[in-house]
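my_file_39.txt (compact mmCIF, C-alpha atoms) appears below.
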```txt
# COMPACT_ATOMS: atom_id res chain seq x y z
CA MET H 36 38.68 194.48 126.03
CA GLU H 37 37.32 196.80 123.34
CA LYS H 38 38.62 194.46 120.64
CA LEU H 39 36.77 191.60 122.30
CA ARG H 40 33.54 193.60 122.51
CA LEU H 41 33.80 194.47 118.82
CA ALA H 42 34.52 190.82 117.95
CA VAL H 43 31.34 189.72 119.73
CA TYR H 44 29.31 192.29 117.83
CA ALA H 45 30.98 191.40 114.55
CA GLY H 46 30.01 187.76 115.05
CA PHE H 47 26.41 188.66 115.73
CA THR H 48 26.27 191.03 112.77
CA GLU H 49 27.77 188.56 110.31
CA THR H 50 26.03 185.33 111.36
CA GLY H 51 23.06 186.23 113.52
CA ARG H 52 24.52 184.25 116.44
CA ALA H 53 27.00 184.86 119.24
CA PRO H 54 30.55 183.70 118.56
CA ALA H 55 31.72 180.96 120.91
CA VAL H 56 34.82 181.33 123.06
CA PRO H 57 37.04 179.26 120.67
CA ASP H 58 35.88 181.44 117.74
CA LEU H 59 36.73 184.61 119.63
CA SER H 60 40.07 183.13 120.63
CA ASP H 61 40.92 182.44 116.98
CA ARG H 62 39.67 185.81 115.78
CA LEU H 63 41.72 187.71 118.34
CA ASN H 64 44.70 185.34 118.52
CA ALA H 65 44.21 185.18 122.27
CA GLY H 66 44.01 182.40 124.82
CA GLU H 67 40.58 181.10 125.76
CA ALA H 68 41.18 181.92 129.42
CA ASP H 69 41.86 185.55 128.47
CA VAL H 70 38.73 185.62 126.32
CA LEU H 71 36.61 184.27 129.18
CA SER H 72 38.08 186.81 131.57
CA GLY H 73 37.33 189.61 129.11
CA LEU H 74 33.77 188.43 128.52
CA ARG H 75 33.12 188.37 132.25
CA ALA H 76 34.46 191.91 132.55
CA LEU H 77 32.15 193.03 129.74
CA HIS H 78 29.27 191.30 131.53
CA ARG H 79 30.05 193.20 134.73
CA GLY H 80 30.17 196.42 132.71
CA ARG H 81 26.72 195.67 131.24
CA HIS H 82 28.03 195.49 127.69
CA LEU H 83 26.67 191.96 127.28
CA VAL H 84 24.94 189.17 129.20
CA LEU H 85 26.51 185.77 129.87
CA ASN H 86 24.92 182.51 130.97
CA VAL H 87 25.03 181.51 134.64
CA THR H 88 28.40 179.79 134.24
CA GLY H 89 29.92 182.82 132.53
CA THR H 90 31.01 180.81 129.49
CA ARG H 91 28.55 181.78 126.76
CA VAL H 92 27.22 185.08 125.40
CA LEU H 93 23.42 185.17 125.57
CA ILE H 94 22.75 188.81 124.73
CA ALA H 95 24.75 191.72 123.36
CA HIS H 96 22.00 194.29 122.92
CA PRO H 97 20.28 194.52 120.50
CA PHE H 98 21.39 191.00 119.50
CA SER H 99 20.33 187.79 121.23
CA ASP H 100 21.64 184.25 120.94
CA VAL H 101 18.45 182.82 122.46
CA PRO H 102 14.84 183.18 121.26
CA LEU H 103 12.90 185.62 123.42
CA GLY H 104 9.85 186.10 121.24
CA PHE H 105 11.14 187.89 118.13
CA SER H 106 12.88 187.11 114.88
CA ALA H 107 14.30 189.71 112.49
CA MET H 108 15.00 188.71 108.90
CA GLY H 109 17.35 190.75 106.76
CA ARG H 110 18.25 190.10 103.13
CA ASP H 111 20.45 187.09 103.93
CA THR H 112 20.62 186.74 107.72
CA LEU H 113 18.16 185.85 110.47
CA TRP H 114 18.65 187.38 113.90
CA TRP H 115 16.83 186.80 117.16
CA GLY H 116 15.40 190.10 118.32
CA GLY H 117 15.78 189.87 122.07
CA CYS H 118 12.72 192.03 122.72
CA ALA H 119 10.46 194.56 121.00
CA TRP H 120 12.94 197.37 121.70
CA ASP H 121 15.89 195.44 120.28
CA ALA H 122 14.04 193.98 117.30
CA PHE H 123 12.97 197.46 116.18
CA ALA H 124 16.53 198.74 116.71
CA LEU H 125 18.21 196.27 114.34
CA PRO H 126 17.65 198.08 111.00
CA HIS H 127 19.02 201.28 112.54
CA LEU H 128 22.22 199.53 113.56
CA LEU H 129 22.96 196.87 110.95
CA PRO H 130 25.10 198.01 107.99
CA GLY H 131 23.39 197.41 104.66
CA GLU H 132 20.07 196.43 106.24
CA PRO H 133 17.76 199.45 105.93
CA GLU H 134 14.74 197.23 106.58
CA VAL H 135 14.13 193.96 108.42
CA LEU H 136 11.06 191.78 108.77
CA VAL H 137 10.24 191.59 112.49
CA ALA H 138 7.95 188.71 113.46
CA THR H 139 6.44 187.65 116.78
CA ARG H 140 3.22 186.43 118.40
CA CYS H 141 0.87 188.42 120.60
CA PRO H 142 1.28 187.05 124.15
CA GLY H 143 -2.36 187.96 124.83
CA CYS H 144 -4.16 186.04 122.09
CA GLY H 145 -1.40 184.20 120.21
CA ALA H 146 -1.99 186.00 116.89
CA ALA H 147 0.95 186.07 114.49
CA LEU H 148 2.31 189.60 114.01
CA ALA H 149 4.87 190.94 111.55
CA TRP H 150 6.13 194.31 110.33
CA ASN H 151 8.65 195.58 107.83
CA VAL H 152 10.65 197.83 110.13
CA GLY H 153 12.81 200.40 108.40
CA THR H 154 14.81 203.51 109.19
CA ASP H 155 12.62 206.18 107.59
CA ALA H 156 9.36 205.92 109.52
CA PRO H 157 7.62 203.64 112.01
CA PRO H 158 5.40 200.84 110.72
CA GLU H 159 1.68 201.53 110.69
CA GLY H 160 -0.90 199.80 112.83
CA GLY H 161 -2.77 199.99 116.10
CA HIS H 162 -0.58 197.45 117.87
CA VAL H 163 1.11 198.33 121.16
CA ALA H 164 4.28 197.42 123.03
CA HIS H 165 4.15 196.63 126.73
CA PHE H 166 7.28 196.66 128.92
CA LEU H 167 6.84 194.92 132.25
CA VAL H 168 10.03 195.80 134.17
CA PRO H 169 10.77 199.48 135.00
CA VAL H 170 14.07 200.96 133.82
CA PRO H 171 15.63 201.23 137.31
CA ARG H 172 15.26 197.44 137.70
CA MET H 173 15.94 196.24 134.14
CA TRP H 174 19.42 194.90 134.93
CA ASP H 175 18.27 193.00 138.04
CA ASP H 176 17.25 190.10 135.77
CA VAL H 177 17.99 190.89 132.15
CA MET H 178 16.38 187.74 130.76
CA ARG H 179 13.10 188.48 132.55
CA THR H 180 13.27 192.10 131.42
CA CYS H 181 13.87 191.29 127.75
CA GLY H 182 11.44 188.39 127.73
CA ASN H 183 8.66 190.74 128.83
CA GLN H 184 9.15 193.59 126.38
CA ARG H 185 6.56 192.34 123.91
CA LEU H 186 4.20 193.50 121.17
CA TYR H 187 0.44 192.98 121.39
CA CYS H 188 -2.59 193.35 119.12
CA GLY H 189 -3.88 196.10 121.38
CA GLU H 190 -4.42 197.13 124.98
CA ARG H 191 -7.13 194.49 125.52
CA CYS H 192 -4.56 191.77 124.84
CA VAL H 193 -2.13 193.43 127.27
CA THR H 194 -4.80 193.45 129.99
CA ASP H 195 -5.72 189.81 129.34
CA TRP H 196 -2.08 188.73 129.57
CA LEU H 197 -1.45 190.68 132.78
CA GLU H 198 -4.56 189.22 134.42
CA ARG H 199 -3.63 185.65 133.46
CA ARG H 200 -0.09 186.08 134.77
CA GLY H 201 -1.05 188.07 137.86
CA GLU H 202 1.43 190.78 136.89
CA THR H 203 1.33 194.49 137.70
CA PRO H 204 0.96 196.67 134.57
CA GLY H 205 4.17 198.21 133.30
CA TYR H 206 4.33 200.72 130.43
CA THR H 207 2.35 200.58 127.19
CA MET H 208 3.31 202.55 124.07
CA ASP H 209 2.28 202.72 120.43
CA LEU H 210 4.44 201.58 117.51
CA GLY H 211 5.61 205.10 116.75
CA THR H 212 6.98 205.60 120.25
CA LEU H 213 8.67 202.18 120.21
CA TRP H 214 10.28 202.98 116.86
CA ARG H 215 11.59 206.34 118.14
CA LEU H 216 12.92 204.68 121.30
CA ALA H 217 14.78 202.07 119.25
CA ALA H 218 16.02 204.35 116.47
CA HIS H 219 19.12 205.85 118.10
CA TRP H 220 19.45 204.08 121.45
CA TYR H 221 22.27 201.79 120.25
CA GLU H 222 23.92 204.31 117.96
CA GLY H 223 27.66 203.66 117.66
CA ARG H 224 27.59 200.27 119.37
CA LEU H 225 29.29 198.53 116.43
CA GLU H 226 32.13 201.06 116.42
CA ALA H 227 35.30 201.41 118.45
CA GLY H 228 35.09 203.74 121.41
CA TYR H 229 31.41 203.19 122.12
CA ARG H 230 30.37 204.53 125.52
CA ARG H 231 27.22 203.58 127.39
CA ARG H 232 24.93 206.48 128.27
CA GLU H 233 25.16 207.91 131.75
CA PRO H 234 21.82 208.00 133.66
CA ALA H 235 21.25 211.69 132.91
CA GLU H 236 21.89 211.10 129.20
CA ALA H 237 19.48 208.15 129.17
CA ALA H 238 16.83 210.26 130.91
CA ALA H 239 17.24 213.01 128.31
CA TYR H 240 16.90 210.46 125.50
CA PHE H 241 13.72 208.98 126.97
CA THR H 242 12.20 212.44 127.31
CA GLN H 243 13.16 213.33 123.74
CA VAL H 244 11.32 210.31 122.28
CA GLY H 245 8.19 211.00 124.33
CA LEU H 246 8.55 208.70 127.34
CA THR H 247 7.68 210.04 130.78
CA GLY H 248 7.17 209.02 134.38
CA PRO H 249 8.80 206.91 137.10
CA PHE H 250 8.80 203.76 134.94
CA TRP H 251 11.59 205.38 132.92
CA GLY H 252 13.35 206.75 135.99
CA LEU H 253 11.90 210.21 135.32
CA GLU H 254 9.94 212.62 137.48
CA ASP H 255 6.21 212.93 136.80
```

Could you quickly redo this structure as structure tokens?
Amino acid sequence: MEKLRLAVYAGFTETGRAPAVPDLSDRLNAGEADVLSGLRALHRGRHLVLNVTGTRVLIAHPFSDVPLGFSAMGRDTLWWGGCAWDAFALPHLLPGEPEVLVATRCPGCGAALAWNVGTDAPPEGGHVAHFLVPVPRMWDDVMRTCGNQRLYCGERCVTDWLERRGETPGYTMDLGTLWRLAAHWYEGRLEAGYRRREPAEAAAYFTQVGLTGPFWGLED
């Protein structure tokens, strides 16, 4: 199953899109039924997200095969950034891509936004990220979670969007905090032997980058 996980990530890295089942079958010299079974096991293990029929990879964080509000342009390849967190993580993970151009629109006012996101320091600006779904519930509906981790012109735009949608406020952070959150969260994911963080390890990471409170599954 680890070879299959790595093959999915290799496809995303090389092309910007998820490899289809026949492509994975050819790459691994395995039957399509075995590939599908392996993908579904990876889905259950929260290593990737499949569509409702379990036949297509939608997300393998930080990569997405569907547009959820962000694009990330490298030197030769265009990726969908599944959310603000994932889009800012891409230059830290992609080999040979120390900087990517992350583009989106503010959900509050519709303004076009873009940053050169690199690995040395966060981009400048007074923009903010707002995450709607708290960490303990993020895997309840991954598409809703990722689709609502967005970047805004400022807190006024966040408030306007929440009021229009009738949503309860989530967590708002500045660009520096978002960049620190993204910088090492996916470290090692393109390598063999990657292991997802246990809850205590995730909590320690969130605290280290300056995130606090019940939204992140932490004590006040």

Give me the box for range 95-102 of chain H as JSON, namely the centre and edge lengths in Å to one decimal of a box along x, y and z that holds every listed atom plus 6 Å on each side.
```
{"center_x": 19.8, "center_y": 188.7, "center_z": 121.4, "size_x": 21.9, "size_y": 23.7, "size_z": 15.9}
```

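You will find CA of Gly182 in chain H at 6.3 Å from CA of Cys118 in chain H.
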
With only C-alpha atoms counted and 10 Å as the cut-off, give the residues of range 147-239 of chain H in contact with range 106-114 of chain H, each with its shortest interatomic distance in Å and the pair that gives it, as a Markdown table.
```
| residue | atom | partner | partner_atom | distance |
| --- | --- | --- | --- | --- |
| H:Ala149 | CA | H:Ser106 | CA | 9.5 |
| H:Trp150 | CA | H:Ala107 | CA | 9.6 |
| H:Asn151 | CA | H:Ala107 | CA | 9.4 |
| H:Val152 | CA | H:Ala107 | CA | 9.2 |
```

Rows by chain and residue number, range 110-156 of chain H within 8 Å of range 206-218 of chain H, shortest pair, all atoms listed in the file, as a tab-separated table:
```
residue	atom	partner	partner_atom	distance
H:Ala119	CA	H:Leu213	CA	7.9
H:Trp120	CA	H:Ala217	CA	5.6
H:Asp121	CA	H:Ala217	CA	6.8
H:Phe123	CA	H:Ala217	CA	5.8
H:Ala124	CA	H:Ala217	CA	4.5
H:His127	CA	H:Ala218	CA	5.8
H:Thr154	CA	H:Ala218	CA	7.4
H:Ala156	CA	H:Trp214	CA	8.0
```

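In this comparison, which uses all atoms listed in the file, the residue of H:Ala42, H:Met36, H:Ala53, H:Leu83 approaching Arg231 in chain H most closely is H:Leu83.
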
- [ ] Can you pull out every residue within 10 Å of Glu190 in chain H, counting only C-alpha atoms, but drop anything in the same chain fewer than 5 positions away, and send it as a ChimeraX atom specification?
- [x] /H:143,161-165,195-196,207-209

Open item on the list: Rounded to one decimal, what separation in Å do you get between CA of Ala138 in chain H and CA of Leu186 in chain H?
Closed with: 9.8 Å

Open item on the list: Considering all atoms listed in the file, can you say which of H:Arg200, H:Arg81, H:Arg140, H:Arg224 comes closest to Leu167 in chain H?
Closed with: H:Arg200

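When only C-alpha atoms are used to compute distances to Gly104 in chain H, the closest of the residues H:Arg52, H:Asn183, H:Pro171, H:Leu39 turns out to be H:Asn183.
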
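Straight-line separation from CA of Arg75 in chain H to CA of Ala95 in chain H: 12.7 Å.
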
Task: Sel. within 10 Å of pt (-6.1, 191.3, 124.2), counting only C-alpha atoms, output as a ChimeraX atom specification - done: /H:141-146,187-197

Task: All residues 9 Å or closer to Gly153 in chain H, all atoms listed in the file, same chain fewer than 4 positions away omitted, as a list in words - done: Phe123, Pro126, His127, Glu132, Pro133, Glu134, Val135, Leu136, Pro157 and Pro158 of chain H

Open item on the list: Just want the 8 Å neighbourhood of Tyr240 in chain H, counted on only C-alpha atoms, with same-chain residues fewer than 4 positions away dropped. Output as a PyMOL selection string.
Closed with: chain H and resi 220+236+244

Taking C-alpha atoms for each residue, export the selection above as an mmCIF file, keeping the file's coordinate frame.
```
data_model
loop_
_atom_site.group_PDB
_atom_site.id
_atom_site.type_symbol
_atom_site.label_atom_id
_atom_site.label_comp_id
_atom_site.auth_asym_id
_atom_site.auth_seq_id
_atom_site.Cartn_x
_atom_site.Cartn_y
_atom_site.Cartn_z
ATOM 1 C CA TRP H 220 19.450 204.080 121.450
ATOM 2 C CA GLU H 236 21.890 211.100 129.200
ATOM 3 C CA VAL H 244 11.320 210.310 122.280
#
```

TODO: Choose the residue, out of H:Val43, H:Ala68, H:Leu128, H:Ala238, that has the smallest atom-to-atom separation from Ile94 in chain H; count only C-alpha atoms.
DONE: H:Val43

- [ ] Write out as a ChimeraX atom specification each polymer residue whose atoms come within 10 Å of Ser60 in chain H, counting all atoms listed in the file; drop sequence neighbours fewer than 5 positions from it.
- [x] /H:39,42,54-55,65-71
